[in-house]
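Just my_file27.pdb here, PDB, C-alpha atoms and all ligand atoms:
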```pdb
ATOM      1  CA  MET P   1     -11.811  32.507  46.278  1.00  0.00           C
ATOM      2  CA  HIS P   2     -12.615  29.131  44.768  1.00  0.00           C
ATOM      3  CA  GLY P   3     -16.020  27.487  44.440  1.00  0.00           C
ATOM      4  CA  VAL P   4     -17.021  23.882  45.006  1.00  0.00           C
ATOM      5  CA  PHE P   5     -17.561  21.333  42.251  1.00  0.00           C
ATOM      6  CA  ILE P   6     -20.071  18.498  42.827  1.00  0.00           C
ATOM      7  CA  THR P   7     -20.929  15.809  40.273  1.00  0.00           C
ATOM      8  CA  PHE P   8     -23.619  13.118  39.990  1.00  0.00           C
ATOM      9  CA  GLU P   9     -22.988   9.815  38.241  1.00  0.00           C
ATOM     10  CA  GLY P  10     -24.938   6.616  37.665  1.00  0.00           C
ATOM     11  CA  VAL P  11     -26.470   4.221  35.144  1.00  0.00           C
ATOM     12  CA  GLU P  12     -29.683   4.981  33.246  1.00  0.00           C
ATOM     13  CA  GLY P  13     -32.728   5.325  35.462  1.00  0.00           C
ATOM     14  CA  SER P  14     -30.696   5.680  38.660  1.00  0.00           C
ATOM     15  CA  GLY P  15     -32.635   8.807  39.592  1.00  0.00           C
ATOM     16  CA  LYS P  16     -29.507  10.992  39.750  1.00  0.00           C
ATOM     17  CA  SER P  17     -30.984  13.811  37.636  1.00  0.00           C
ATOM     18  CA  THR P  18     -33.906  14.211  40.056  1.00  0.00           C
ATOM     19  CA  GLN P  19     -31.494  14.182  42.985  1.00  0.00           C
ATOM     20  CA  ALA P  20     -29.218  16.768  41.341  1.00  0.00           C
ATOM     21  CA  GLU P  21     -32.215  19.096  40.836  1.00  0.00           C
ATOM     22  CA  ARG P  22     -33.357  18.647  44.408  1.00  0.00           C
ATOM     23  CA  LEU P  23     -29.876  19.338  45.754  1.00  0.00           C
ATOM     24  CA  VAL P  24     -29.596  22.600  43.819  1.00  0.00           C
ATOM     25  CA  ARG P  25     -33.031  23.666  45.037  1.00  0.00           C
ATOM     26  CA  HIS P  26     -32.012  22.887  48.625  1.00  0.00           C
ATOM     27  CA  LEU P  27     -28.682  24.747  48.376  1.00  0.00           C
ATOM     28  CA  THR P  28     -30.363  27.763  46.801  1.00  0.00           C
ATOM     29  CA  GLU P  29     -32.812  27.839  49.713  1.00  0.00           C
ATOM     30  CA  LEU P  30     -29.820  27.910  52.056  1.00  0.00           C
ATOM     31  CA  GLY P  31     -28.566  30.986  50.203  1.00  0.00           C
ATOM     32  CA  VAL P  32     -25.718  29.202  48.394  1.00  0.00           C
ATOM     33  CA  ASP P  33     -24.855  30.634  44.968  1.00  0.00           C
ATOM     34  CA  CYS P  34     -25.056  27.487  42.839  1.00  0.00           C
ATOM     35  CA  PHE P  35     -26.229  26.194  39.487  1.00  0.00           C
ATOM     36  CA  LEU P  36     -27.010  22.907  37.788  1.00  0.00           C
ATOM     37  CA  SER P  37     -25.641  21.862  34.425  1.00  0.00           C
ATOM     38  CA  ARG P  38     -25.335  18.604  32.509  1.00  0.00           C
ATOM     39  CA  GLU P  39     -23.189  16.549  30.178  1.00  0.00           C
ATOM     40  CA  PRO P  40     -23.215  16.033  27.351  1.00  0.00           C
ATOM     41  CA  GLY P  41     -24.393  19.610  26.921  1.00  0.00           C
ATOM     42  CA  GLY P  42     -24.267  22.577  29.261  1.00  0.00           C
ATOM     43  CA  THR P  43     -23.202  25.068  26.582  1.00  0.00           C
ATOM     44  CA  GLU P  44     -24.732  25.964  23.226  1.00  0.00           C
ATOM     45  CA  ILE P  45     -22.037  24.001  21.412  1.00  0.00           C
ATOM     46  CA  GLY P  46     -22.317  21.135  23.891  1.00  0.00           C
ATOM     47  CA  GLU P  47     -26.089  20.895  23.405  1.00  0.00           C
ATOM     48  CA  GLN P  48     -25.558  20.569  19.644  1.00  0.00           C
ATOM     49  CA  ILE P  49     -23.033  17.790  20.256  1.00  0.00           C
ATOM     50  CA  ARG P  50     -25.535  16.131  22.625  1.00  0.00           C
ATOM     51  CA  LYS P  51     -28.095  15.831  19.813  1.00  0.00           C
ATOM     52  CA  ILE P  52     -25.612  13.955  17.621  1.00  0.00           C
ATOM     53  CA  LEU P  53     -24.642  11.657  20.503  1.00  0.00           C
ATOM     54  CA  LEU P  54     -28.143  10.667  21.594  1.00  0.00           C
ATOM     55  CA  ASP P  55     -29.837  10.407  18.184  1.00  0.00           C
ATOM     56  CA  PRO P  56     -30.802   6.726  17.701  1.00  0.00           C
ATOM     57  CA  ALA P  57     -30.354   7.275  13.931  1.00  0.00           C
ATOM     58  CA  ASN P  58     -26.571   7.513  14.466  1.00  0.00           C
ATOM     59  CA  ARG P  59     -26.349   3.775  14.995  1.00  0.00           C
ATOM     60  CA  SER P  60     -23.105   3.481  13.010  1.00  0.00           C
ATOM     61  CA  MET P  61     -21.102   5.792  15.284  1.00  0.00           C
ATOM     62  CA  ASP P  62     -17.643   4.392  16.015  1.00  0.00           C
ATOM     63  CA  ALA P  63     -16.704   4.082  19.715  1.00  0.00           C
ATOM     64  CA  LEU P  64     -13.766   6.499  19.400  1.00  0.00           C
ATOM     65  CA  THR P  65     -15.916   9.050  17.579  1.00  0.00           C
ATOM     66  CA  GLU P  66     -18.349   8.750  20.466  1.00  0.00           C
ATOM     67  CA  LEU P  67     -15.586   9.299  23.032  1.00  0.00           C
ATOM     68  CA  PHE P  68     -14.246  12.367  21.191  1.00  0.00           C
ATOM     69  CA  LEU P  69     -17.711  13.910  21.032  1.00  0.00           C
ATOM     70  CA  TYR P  70     -18.300  13.484  24.782  1.00  0.00           C
ATOM     71  CA  LEU P  71     -14.851  14.956  25.395  1.00  0.00           C
ATOM     72  CA  ALA P  72     -15.490  17.845  23.002  1.00  0.00           C
ATOM     73  CA  SER P  73     -18.669  18.717  24.865  1.00  0.00           C
ATOM     74  CA  ARG P  74     -16.808  18.468  28.201  1.00  0.00           C
ATOM     75  CA  ASN P  75     -13.874  20.586  27.054  1.00  0.00           C
ATOM     76  CA  GLN P  76     -16.192  23.401  25.961  1.00  0.00           C
ATOM     77  CA  HIS P  77     -18.211  23.139  29.185  1.00  0.00           C
ATOM     78  CA  VAL P  78     -15.160  23.265  31.464  1.00  0.00           C
ATOM     79  CA  ARG P  79     -13.566  26.250  29.753  1.00  0.00           C
ATOM     80  CA  GLU P  80     -16.686  28.256  28.950  1.00  0.00           C
ATOM     81  CA  LYS P  81     -18.749  27.686  32.094  1.00  0.00           C
ATOM     82  CA  ILE P  82     -17.335  25.560  34.904  1.00  0.00           C
ATOM     83  CA  LEU P  83     -13.905  27.132  35.454  1.00  0.00           C
ATOM     84  CA  PRO P  84     -15.203  30.722  35.297  1.00  0.00           C
ATOM     85  CA  ALA P  85     -18.011  29.868  37.774  1.00  0.00           C
ATOM     86  CA  LEU P  86     -15.566  28.222  40.189  1.00  0.00           C
ATOM     87  CA  LYS P  87     -13.266  31.243  39.938  1.00  0.00           C
ATOM     88  CA  GLU P  88     -16.201  33.397  41.031  1.00  0.00           C
ATOM     89  CA  GLY P  89     -16.615  31.158  44.070  1.00  0.00           C
ATOM     90  CA  ARG P  90     -19.873  29.529  42.943  1.00  0.00           C
ATOM     91  CA  VAL P  91     -21.007  25.961  43.622  1.00  0.00           C
ATOM     92  CA  VAL P  92     -21.313  23.970  40.386  1.00  0.00           C
ATOM     93  CA  VAL P  93     -23.469  20.826  40.328  1.00  0.00           C
ATOM     94  CA  LEU P  94     -23.177  18.594  37.266  1.00  0.00           C
ATOM     95  CA  ASP P  95     -25.423  15.801  36.085  1.00  0.00           C
ATOM     96  CA  ARG P  96     -22.607  13.564  34.698  1.00  0.00           C
ATOM     97  CA  TYR P  97     -18.951  14.435  34.129  1.00  0.00           C
ATOM     98  CA  ALA P  98     -15.638  12.666  33.506  1.00  0.00           C
ATOM     99  CA  GLU P  99     -16.514   9.402  35.271  1.00  0.00           C
ATOM    100  CA  SER P 100     -19.335   8.888  32.752  1.00  0.00           C
ATOM    101  CA  SER P 101     -16.735   8.607  29.987  1.00  0.00           C
ATOM    102  CA  ALA P 102     -14.577   6.317  32.121  1.00  0.00           C
ATOM    103  CA  ALA P 103     -17.546   4.001  32.786  1.00  0.00           C
ATOM    104  CA  TYR P 104     -19.441   4.194  29.443  1.00  0.00           C
ATOM    105  CA  GLN P 105     -16.587   4.516  26.934  1.00  0.00           C
ATOM    106  CA  GLY P 106     -13.733   3.065  28.991  1.00  0.00           C
ATOM    107  CA  ARG P 107     -15.629   0.013  30.261  1.00  0.00           C
ATOM    108  CA  GLY P 108     -18.931  -0.117  28.359  1.00  0.00           C
ATOM    109  CA  ARG P 109     -17.301   0.369  24.937  1.00  0.00           C
ATOM    110  CA  GLU P 110     -14.097  -1.277  26.183  1.00  0.00           C
ATOM    111  CA  LEU P 111     -11.820   1.534  24.997  1.00  0.00           C
ATOM    112  CA  GLY P 112      -9.796   1.130  28.181  1.00  0.00           C
ATOM    113  CA  GLU P 113      -9.708   3.205  31.331  1.00  0.00           C
ATOM    114  CA  LYS P 114      -6.133   4.427  30.739  1.00  0.00           C
ATOM    115  CA  LEU P 115      -6.904   5.997  27.370  1.00  0.00           C
ATOM    116  CA  VAL P 116     -10.093   7.622  28.649  1.00  0.00           C
ATOM    117  CA  SER P 117      -8.340   8.893  31.737  1.00  0.00           C
ATOM    118  CA  ARG P 118      -5.565  10.531  29.663  1.00  0.00           C
ATOM    119  CA  LEU P 119      -8.021  12.218  27.324  1.00  0.00           C
ATOM    120  CA  ASN P 120     -10.326  13.231  30.165  1.00  0.00           C
ATOM    121  CA  LYS P 121      -7.415  15.034  31.769  1.00  0.00           C
ATOM    122  CA  LEU P 122      -6.870  17.027  28.588  1.00  0.00           C
ATOM    123  CA  ALA P 123     -10.568  17.848  28.145  1.00  0.00           C
ATOM    124  CA  THR P 124     -11.020  18.942  31.761  1.00  0.00           C
ATOM    125  CA  ALA P 125      -7.801  20.970  32.142  1.00  0.00           C
ATOM    126  CA  ALA P 126      -7.213  18.400  34.937  1.00  0.00           C
ATOM    127  CA  LEU P 127     -10.206  19.771  36.871  1.00  0.00           C
ATOM    128  CA  ARG P 128     -11.549  17.174  39.299  1.00  0.00           C
ATOM    129  CA  PRO P 129     -14.784  17.358  41.252  1.00  0.00           C
ATOM    130  CA  ASP P 130     -14.482  18.056  44.974  1.00  0.00           C
ATOM    131  CA  PHE P 131     -17.200  15.486  45.592  1.00  0.00           C
ATOM    132  CA  THR P 132     -19.001  12.901  43.446  1.00  0.00           C
ATOM    133  CA  ILE P 133     -22.240  11.100  44.204  1.00  0.00           C
ATOM    134  CA  LEU P 134     -22.613   7.759  42.466  1.00  0.00           C
ATOM    135  CA  VAL P 135     -26.278   6.746  42.591  1.00  0.00           C
ATOM    136  CA  ASP P 136     -26.056   2.990  42.180  1.00  0.00           C
ATOM    137  CA  VAL P 137     -28.947   0.785  41.050  1.00  0.00           C
ATOM    138  CA  PRO P 138     -29.028  -2.692  39.488  1.00  0.00           C
ATOM    139  CA  VAL P 139     -29.235  -2.318  35.685  1.00  0.00           C
ATOM    140  CA  GLN P 140     -32.661  -3.999  35.497  1.00  0.00           C
ATOM    141  CA  VAL P 141     -34.141  -1.623  38.079  1.00  0.00           C
ATOM    142  CA  GLY P 142     -32.871   1.380  36.090  1.00  0.00           C
ATOM    143  CA  ARG P 143     -34.221   0.017  32.817  1.00  0.00           C
ATOM    144  CA  GLU P 144     -37.653  -0.638  34.243  1.00  0.00           C
ATOM    145  CA  ARG P 145     -37.888   3.022  35.245  1.00  0.00           C
ATOM    146  CA  LYS P 146     -37.379   4.195  31.638  1.00  0.00           C
ATOM    147  CA  GLU P 147     -40.125   4.692  29.085  1.00  0.00           C
ATOM    148  CA  GLN P 148     -39.298   2.040  26.440  1.00  0.00           C
ATOM    149  CA  SER P 149     -40.652   4.096  23.544  1.00  0.00           C
ATOM    150  CA  GLU P 150     -38.313   7.039  24.183  1.00  0.00           C
ATOM    151  CA  LEU P 151     -34.952   5.356  24.516  1.00  0.00           C
ATOM    152  CA  ASP P 152     -31.881   7.223  23.163  1.00  0.00           C
ATOM    153  CA  ARG P 153     -28.876   5.759  21.321  1.00  0.00           C
ATOM    154  CA  LEU P 154     -27.068   4.688  24.505  1.00  0.00           C
ATOM    155  CA  GLU P 155     -30.151   3.390  26.274  1.00  0.00           C
ATOM    156  CA  ILE P 156     -30.971   0.947  23.476  1.00  0.00           C
ATOM    157  CA  GLU P 157     -27.612  -0.798  24.081  1.00  0.00           C
ATOM    158  CA  ARG P 158     -27.708  -4.382  25.335  1.00  0.00           C
ATOM    159  CA  VAL P 159     -27.977  -5.220  29.039  1.00  0.00           C
ATOM    160  CA  GLU P 160     -24.354  -6.488  29.061  1.00  0.00           C
ATOM    161  CA  PHE P 161     -23.136  -3.041  28.010  1.00  0.00           C
ATOM    162  CA  HIS P 162     -24.945  -1.440  30.933  1.00  0.00           C
ATOM    163  CA  GLU P 163     -23.667  -4.140  33.312  1.00  0.00           C
ATOM    164  CA  ARG P 164     -20.098  -3.241  32.302  1.00  0.00           C
ATOM    165  CA  VAL P 165     -20.888   0.445  32.863  1.00  0.00           C
ATOM    166  CA  ARG P 166     -22.210  -0.214  36.354  1.00  0.00           C
ATOM    167  CA  ASP P 167     -19.236  -2.415  37.165  1.00  0.00           C
ATOM    168  CA  GLY P 168     -16.880   0.275  35.802  1.00  0.00           C
ATOM    169  CA  TYR P 169     -18.466   2.911  38.030  1.00  0.00           C
ATOM    170  CA  LEU P 170     -18.154   0.738  41.128  1.00  0.00           C
ATOM    171  CA  ARG P 171     -14.490   0.037  40.381  1.00  0.00           C
ATOM    172  CA  ILE P 172     -13.724   3.725  39.897  1.00  0.00           C
ATOM    173  CA  ALA P 173     -15.491   4.505  43.175  1.00  0.00           C
ATOM    174  CA  ARG P 174     -13.460   1.891  45.051  1.00  0.00           C
ATOM    175  CA  ARG P 175     -10.255   3.570  43.868  1.00  0.00           C
ATOM    176  CA  ALA P 176     -11.326   7.028  45.122  1.00  0.00           C
ATOM    177  CA  PRO P 177     -13.413   6.302  48.228  1.00  0.00           C
ATOM    178  CA  LYS P 178     -12.878   9.740  49.764  1.00  0.00           C
ATOM    179  CA  ARG P 179     -14.161  11.705  46.779  1.00  0.00           C
ATOM    180  CA  ILE P 180     -16.769   9.310  45.367  1.00  0.00           C
ATOM    181  CA  LYS P 181     -19.644   8.310  47.604  1.00  0.00           C
ATOM    182  CA  VAL P 182     -21.739   5.339  46.459  1.00  0.00           C
ATOM    183  CA  LEU P 183     -25.406   5.627  47.463  1.00  0.00           C
ATOM    184  CA  ASP P 184     -28.189   3.088  47.112  1.00  0.00           C
ATOM    185  CA  GLY P 185     -30.496   4.368  44.366  1.00  0.00           C
ATOM    186  CA  THR P 186     -33.230   1.843  45.188  1.00  0.00           C
ATOM    187  CA  LYS P 187     -34.056   3.778  48.368  1.00  0.00           C
ATOM    188  CA  PRO P 188     -37.084   6.085  48.298  1.00  0.00           C
ATOM    189  CA  ALA P 189     -36.145   9.372  46.577  1.00  0.00           C
ATOM    190  CA  ALA P 190     -37.024  11.470  49.637  1.00  0.00           C
ATOM    191  CA  GLU P 191     -34.703   9.425  51.846  1.00  0.00           C
ATOM    192  CA  LEU P 192     -31.873   9.659  49.339  1.00  0.00           C
ATOM    193  CA  GLU P 193     -32.397  13.408  49.048  1.00  0.00           C
ATOM    194  CA  VAL P 194     -31.894  13.912  52.793  1.00  0.00           C
ATOM    195  CA  GLU P 195     -28.733  11.801  52.720  1.00  0.00           C
ATOM    196  CA  ILE P 196     -27.274  13.688  49.728  1.00  0.00           C
ATOM    197  CA  CYS P 197     -28.076  17.125  51.169  1.00  0.00           C
ATOM    198  CA  ARG P 198     -26.407  16.200  54.459  1.00  0.00           C
ATOM    199  CA  LEU P 199     -23.254  14.903  52.717  1.00  0.00           C
ATOM    200  CA  VAL P 200     -22.945  17.952  50.456  1.00  0.00           C
ATOM    201  CA  GLU P 201     -23.543  20.380  53.321  1.00  0.00           C
ATOM    202  CA  GLU P 202     -20.633  18.707  55.112  1.00  0.00           C
ATOM    203  CA  VAL P 203     -18.397  19.232  52.079  1.00  0.00           C
ATOM    204  CA  LEU P 204     -19.446  22.880  51.774  1.00  0.00           C
ATOM    205  CA  ARG P 205     -18.734  23.472  55.453  1.00  0.00           C
ATOM    206  CA  ARG P 206     -15.285  21.947  55.122  1.00  0.00           C
ATOM    207  CA  LYS P 207     -14.618  24.240  52.153  1.00  0.00           C
ATOM    208  CA  GLY P 208     -15.896  27.284  54.041  1.00  0.00           C
ATOM    209  CA  THR P 209     -18.785  27.890  51.602  1.00  0.00           C
ATOM    210  CA  LEU P 210     -21.425  27.167  54.246  1.00  0.00           C
ATOM    211  CA  HIS P 211     -21.244  28.178  57.889  1.00  0.00           C
TER     212      HIS P 211
HETATM  213  P1  LIG P 301     -28.917  11.573  29.450  1.00  0.00           P
HETATM  214  O1  LIG P 301     -30.252  11.746  28.835  1.00  0.00           O
HETATM  215  O2  LIG P 301     -28.293  12.723  30.153  1.00  0.00           O
HETATM  216  O3  LIG P 301     -28.936  10.272  30.327  1.00  0.00           O
HETATM  217  P2  LIG P 301     -29.356  10.113  31.812  1.00  0.00           P
HETATM  218  O4  LIG P 301     -30.717  10.674  31.946  1.00  0.00           O
HETATM  219  O5  LIG P 301     -29.259   8.639  32.007  1.00  0.00           O
HETATM  220  O6  LIG P 301     -28.294  10.887  32.560  1.00  0.00           O
HETATM  221  O7  LIG P 301     -27.965  11.053  28.308  1.00  0.00           O
HETATM  222  C1  LIG P 301     -26.647  10.949  28.449  1.00  0.00           C
HETATM  223  C2  LIG P 301     -26.200   9.622  27.896  1.00  0.00           C
HETATM  224  O8  LIG P 301     -24.838   9.735  27.507  1.00  0.00           O
HETATM  225  C3  LIG P 301     -26.275   8.501  28.913  1.00  0.00           C
HETATM  226  O9  LIG P 301     -26.679   7.326  28.264  1.00  0.00           O
HETATM  227  C4  LIG P 301     -24.850   8.339  29.350  1.00  0.00           C
HETATM  228  C5  LIG P 301     -24.065   8.758  28.158  1.00  0.00           C
HETATM  229  N1  LIG P 301     -22.726   9.337  28.445  1.00  0.00           N
HETATM  230  C6  LIG P 301     -21.594   8.658  28.021  1.00  0.00           C
HETATM  231  O10 LIG P 301     -21.690   7.556  27.451  1.00  0.00           O
HETATM  232  N2  LIG P 301     -20.366   9.215  28.232  1.00  0.00           N
HETATM  233  C7  LIG P 301     -20.220  10.436  28.828  1.00  0.00           C
HETATM  234  O11 LIG P 301     -19.083  10.925  29.000  1.00  0.00           O
HETATM  235  C8  LIG P 301     -21.397  11.141  29.258  1.00  0.00           C
HETATM  236  C9  LIG P 301     -21.291  12.478  29.891  1.00  0.00           C
HETATM  237  C10 LIG P 301     -22.639  10.549  29.033  1.00  0.00           C
END
```

Show me the file's structure as C-alpha cells.
Amino acid sequence: MHGVFITFEGVEGSGKSTQAERLVRHLTELGVDCFLSREPGGTEIGEQIRKILLDPANRSMDALTELFLYLASRNQHVREKILPALKEGRVVVLDRYAESSAAYQGRGRELGEKLVSRLNKLATAALRPDFTILVDVPVQVGRERKEQSELDRLEIERVEFHERVRDGYLRIARRAPKRIKVLDGTKPAAELEVEICRLVEEVLRRKGTLH
C-alpha cells in the first residue's frame, strides 16, 4: 500500500498555506487519513533549521549555505516523516517542497536549476509529489497581503528576486504540466478551495485512496 503525496507551492502571500489547511480539513471530513506539514520544518530538527533560515539577523548568509540548509531540513523531513507516512498508505500534504528550492535558490538566488535539481534528488531520496498545486499571484499582490513589520529574511528581498522566483515556478510548471497545476491565487479563497478540493479528490480516486 502506498499513500499519496500532495504539495503546495507559490510566492509569498499567495494564500497557499490557507488553502493547504483547508484541503486537509476537507479530506479529514471525507474520512481520508492525512496530515499537513511544512518546509522548511516539519521535524524537530527541521524546525530548528527553519529558525536559522528565516531570521532577518542572518543577513550575511551565503546562497549555497541557504540551499544546503533548506535541503538539510528536507532530507530529515523525507526520511523521518514523509516516507514512513506514505508507506503506511497515508495522504501527506506539504506546504512547500522541492520546487521551492528550484524557484527560490535555483532562480531567485541564481544558483542554477541543474545544481538544485541534482541536490534535491539526493535530499528527497528521489521522492516526487503525485500532485503539486502552484498558487500563482503577481508579486505585488502577494507583497501587499503581508504585514510589513513582520517580514522574514526571504520576504525582505527585493522585488526583482521575487519576480525571478515567480518566473522560475511558472517555467517549472510548464515542464511538468501533468503533475503541476497552476491556479489563479487572485481568485476569492472560497472559490479556489472548491477548485483545489475537486482536483485533489480526482487524484485520490485515480490512486484508489478515495472511492
Ligand atoms: P514561510 O513562512 O513558510 O513562507 P510562506 O508563508 O511564504 O510559505 O517561509 C518559508 C520561506 O522560505 C519562504 O520565503 C520561501 C523560502 N523557501 C526557500 O527559499 N527555499 C525552499 O526550499 C523552501 C522550502 C522555502

Provide an axis-aligned box for all listed atoms of ligand LIG 301 (chain P), padding each side by 3 Å; report its centre and its edge lengths in Å to one decimal, as AutoDock Vina command-line options.
```
--center_x -24.9 --center_y 10.0 --center_z 30.0 --size_x 17.6 --size_y 11.4 --size_z 11.1
```

Which residues match the PyMOL selection byres (((chain P and resi 36) around 12) and not hetatm) in the file above, as an mmCIF file with C-alpha atoms, in the coordinates of the input?
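Just written: part-v2.cif:
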```cif
data_model
loop_
_atom_site.group_PDB
_atom_site.id
_atom_site.type_symbol
_atom_site.label_atom_id
_atom_site.label_comp_id
_atom_site.auth_asym_id
_atom_site.auth_seq_id
_atom_site.Cartn_x
_atom_site.Cartn_y
_atom_site.Cartn_z
ATOM 1 C CA PHE P 5 -17.561 21.333 42.251
ATOM 2 C CA ILE P 6 -20.071 18.498 42.827
ATOM 3 C CA THR P 7 -20.929 15.809 40.273
ATOM 4 C CA PHE P 8 -23.619 13.118 39.990
ATOM 5 C CA SER P 17 -30.984 13.811 37.636
ATOM 6 C CA THR P 18 -33.906 14.211 40.056
ATOM 7 C CA GLN P 19 -31.494 14.182 42.985
ATOM 8 C CA ALA P 20 -29.218 16.768 41.341
ATOM 9 C CA GLU P 21 -32.215 19.096 40.836
ATOM 10 C CA ARG P 22 -33.357 18.647 44.408
ATOM 11 C CA LEU P 23 -29.876 19.338 45.754
ATOM 12 C CA VAL P 24 -29.596 22.600 43.819
ATOM 13 C CA ARG P 25 -33.031 23.666 45.037
ATOM 14 C CA HIS P 26 -32.012 22.887 48.625
ATOM 15 C CA LEU P 27 -28.682 24.747 48.376
ATOM 16 C CA THR P 28 -30.363 27.763 46.801
ATOM 17 C CA ASP P 33 -24.855 30.634 44.968
ATOM 18 C CA CYS P 34 -25.056 27.487 42.839
ATOM 19 C CA PHE P 35 -26.229 26.194 39.487
ATOM 20 C CA SER P 37 -25.641 21.862 34.425
ATOM 21 C CA ARG P 38 -25.335 18.604 32.509
ATOM 22 C CA GLU P 39 -23.189 16.549 30.178
ATOM 23 C CA GLY P 41 -24.393 19.610 26.921
ATOM 24 C CA GLY P 42 -24.267 22.577 29.261
ATOM 25 C CA LYS P 81 -18.749 27.686 32.094
ATOM 26 C CA ILE P 82 -17.335 25.560 34.904
ATOM 27 C CA ALA P 85 -18.011 29.868 37.774
ATOM 28 C CA ARG P 90 -19.873 29.529 42.943
ATOM 29 C CA VAL P 91 -21.007 25.961 43.622
ATOM 30 C CA VAL P 92 -21.313 23.970 40.386
ATOM 31 C CA VAL P 93 -23.469 20.826 40.328
ATOM 32 C CA LEU P 94 -23.177 18.594 37.266
ATOM 33 C CA ASP P 95 -25.423 15.801 36.085
ATOM 34 C CA ARG P 96 -22.607 13.564 34.698
#
```

If you apply the PyMOL selection byres (((not hetatm)) within 6 of (chain P and resi 301)) to this file, what residues do you get, as a ChimeraX atom specification? /P:12-13,39-40,70,96-98,100-101,104-105,154-155

Excluding same-chain residues fewer than 4 positions from P:Glu195, what lies within 12 Å of it counting all atoms listed in the file, as JSON, numbers by chain? {"P": [19, 22, 23, 133, 135, 181, 182, 183, 184, 185, 187, 188, 189, 190, 191, 199, 200, 201, 202]}

So that I have them on file, write out the residues from the current selection with C-alpha atoms, as an mmCIF file, in the frame of the given file.
```cif
data_model
loop_
_atom_site.group_PDB
_atom_site.id
_atom_site.type_symbol
_atom_site.label_atom_id
_atom_site.label_comp_id
_atom_site.auth_asym_id
_atom_site.auth_seq_id
_atom_site.Cartn_x
_atom_site.Cartn_y
_atom_site.Cartn_z
ATOM 1 C CA GLN P 19 -31.494 14.182 42.985
ATOM 2 C CA ARG P 22 -33.357 18.647 44.408
ATOM 3 C CA LEU P 23 -29.876 19.338 45.754
ATOM 4 C CA ILE P 133 -22.240 11.100 44.204
ATOM 5 C CA VAL P 135 -26.278 6.746 42.591
ATOM 6 C CA LYS P 181 -19.644 8.310 47.604
ATOM 7 C CA VAL P 182 -21.739 5.339 46.459
ATOM 8 C CA LEU P 183 -25.406 5.627 47.463
ATOM 9 C CA ASP P 184 -28.189 3.088 47.112
ATOM 10 C CA GLY P 185 -30.496 4.368 44.366
ATOM 11 C CA LYS P 187 -34.056 3.778 48.368
ATOM 12 C CA PRO P 188 -37.084 6.085 48.298
ATOM 13 C CA ALA P 189 -36.145 9.372 46.577
ATOM 14 C CA ALA P 190 -37.024 11.470 49.637
ATOM 15 C CA GLU P 191 -34.703 9.425 51.846
ATOM 16 C CA LEU P 199 -23.254 14.903 52.717
ATOM 17 C CA VAL P 200 -22.945 17.952 50.456
ATOM 18 C CA GLU P 201 -23.543 20.380 53.321
ATOM 19 C CA GLU P 202 -20.633 18.707 55.112
#
```

Written as a VMD selection string, what is the full residue list that the PyMOL selection byres (((chain P and resi 209) around 9) and not hetatm) yields on the file shown? chain P and resid 3 to 4 32 89 to 91 203 to 208 210 to 211

Kindly give the distance, in Å, that separates atom CA of P:Asp55 and atom CA of P:Leu119, rounded to a single decimal.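 Straight-line distance from atom CA of P:Asp55 to atom CA of P:Leu119 works out to 23.7 Å.
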
Might you pull out every residue within 9 Å of P:Asp167, with all atoms listed in the file counted and same-chain residues fewer than 4 positions away left off, and present them as a count of residues only? 6

Using all atoms listed in the file, which of the listed residues (P:Ser117, P:Ser149, P:Ser60, P:Thr186) sits closest to P:Ala102?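 Ranking P:Ser117, P:Ser149, P:Ser60, P:Thr186 by distance to P:Ala102, first place goes to P:Ser117.
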
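When all atoms listed in the file are used to compute distances to P:Ile196, the closest of the residues P:Arg174, P:Gln140, P:Thr132, P:Glu160 turns out to be P:Thr132.
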
What gap, in Å, lies between atom CA of P:Pro177 and atom CA of P:Arg143? 26.6 Å

Mind listing as a PDB file with C-alpha atoms, in the frame of the given file all residues within 6 Å of (-14.5, 11.0, 43.2), counting only C-alpha atoms?
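Written out: point-v3.pdb:
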```pdb
ATOM      1  CA  PHE P 131     -17.200  15.486  45.592  1.00  0.00           C
ATOM      2  CA  THR P 132     -19.001  12.901  43.446  1.00  0.00           C
ATOM      3  CA  ALA P 176     -11.326   7.028  45.122  1.00  0.00           C
ATOM      4  CA  ARG P 179     -14.161  11.705  46.779  1.00  0.00           C
ATOM      5  CA  ILE P 180     -16.769   9.310  45.367  1.00  0.00           C
TER       6      ILE P 180
END
```

Report, in Å to a single decimal, how far apart atom CA of P:Phe68 and atom CA of P:Ala125 are. 15.3 Å

Would you pick out the contacts of P:Glu80 at 12 Å or less, using only C-alpha atoms, so that residues sharing its chain but fewer than 2 positions from it are not included, and give the list as an MDAnalysis selection string? chainID P and resid 41:46 73:78 82:87 124:125

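Shortest atom-to-atom contact with P:Leu192 among P:Arg166, P:Leu64, P:Val11, P:Asp136: P:Asp136, counting all atoms listed in the file.
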
Go through P:Val165, P:Ile156, P:Arg118, P:Glu193 and flag the residue nearest P:Arg59, using only C-alpha atoms for the distances. P:Ile156
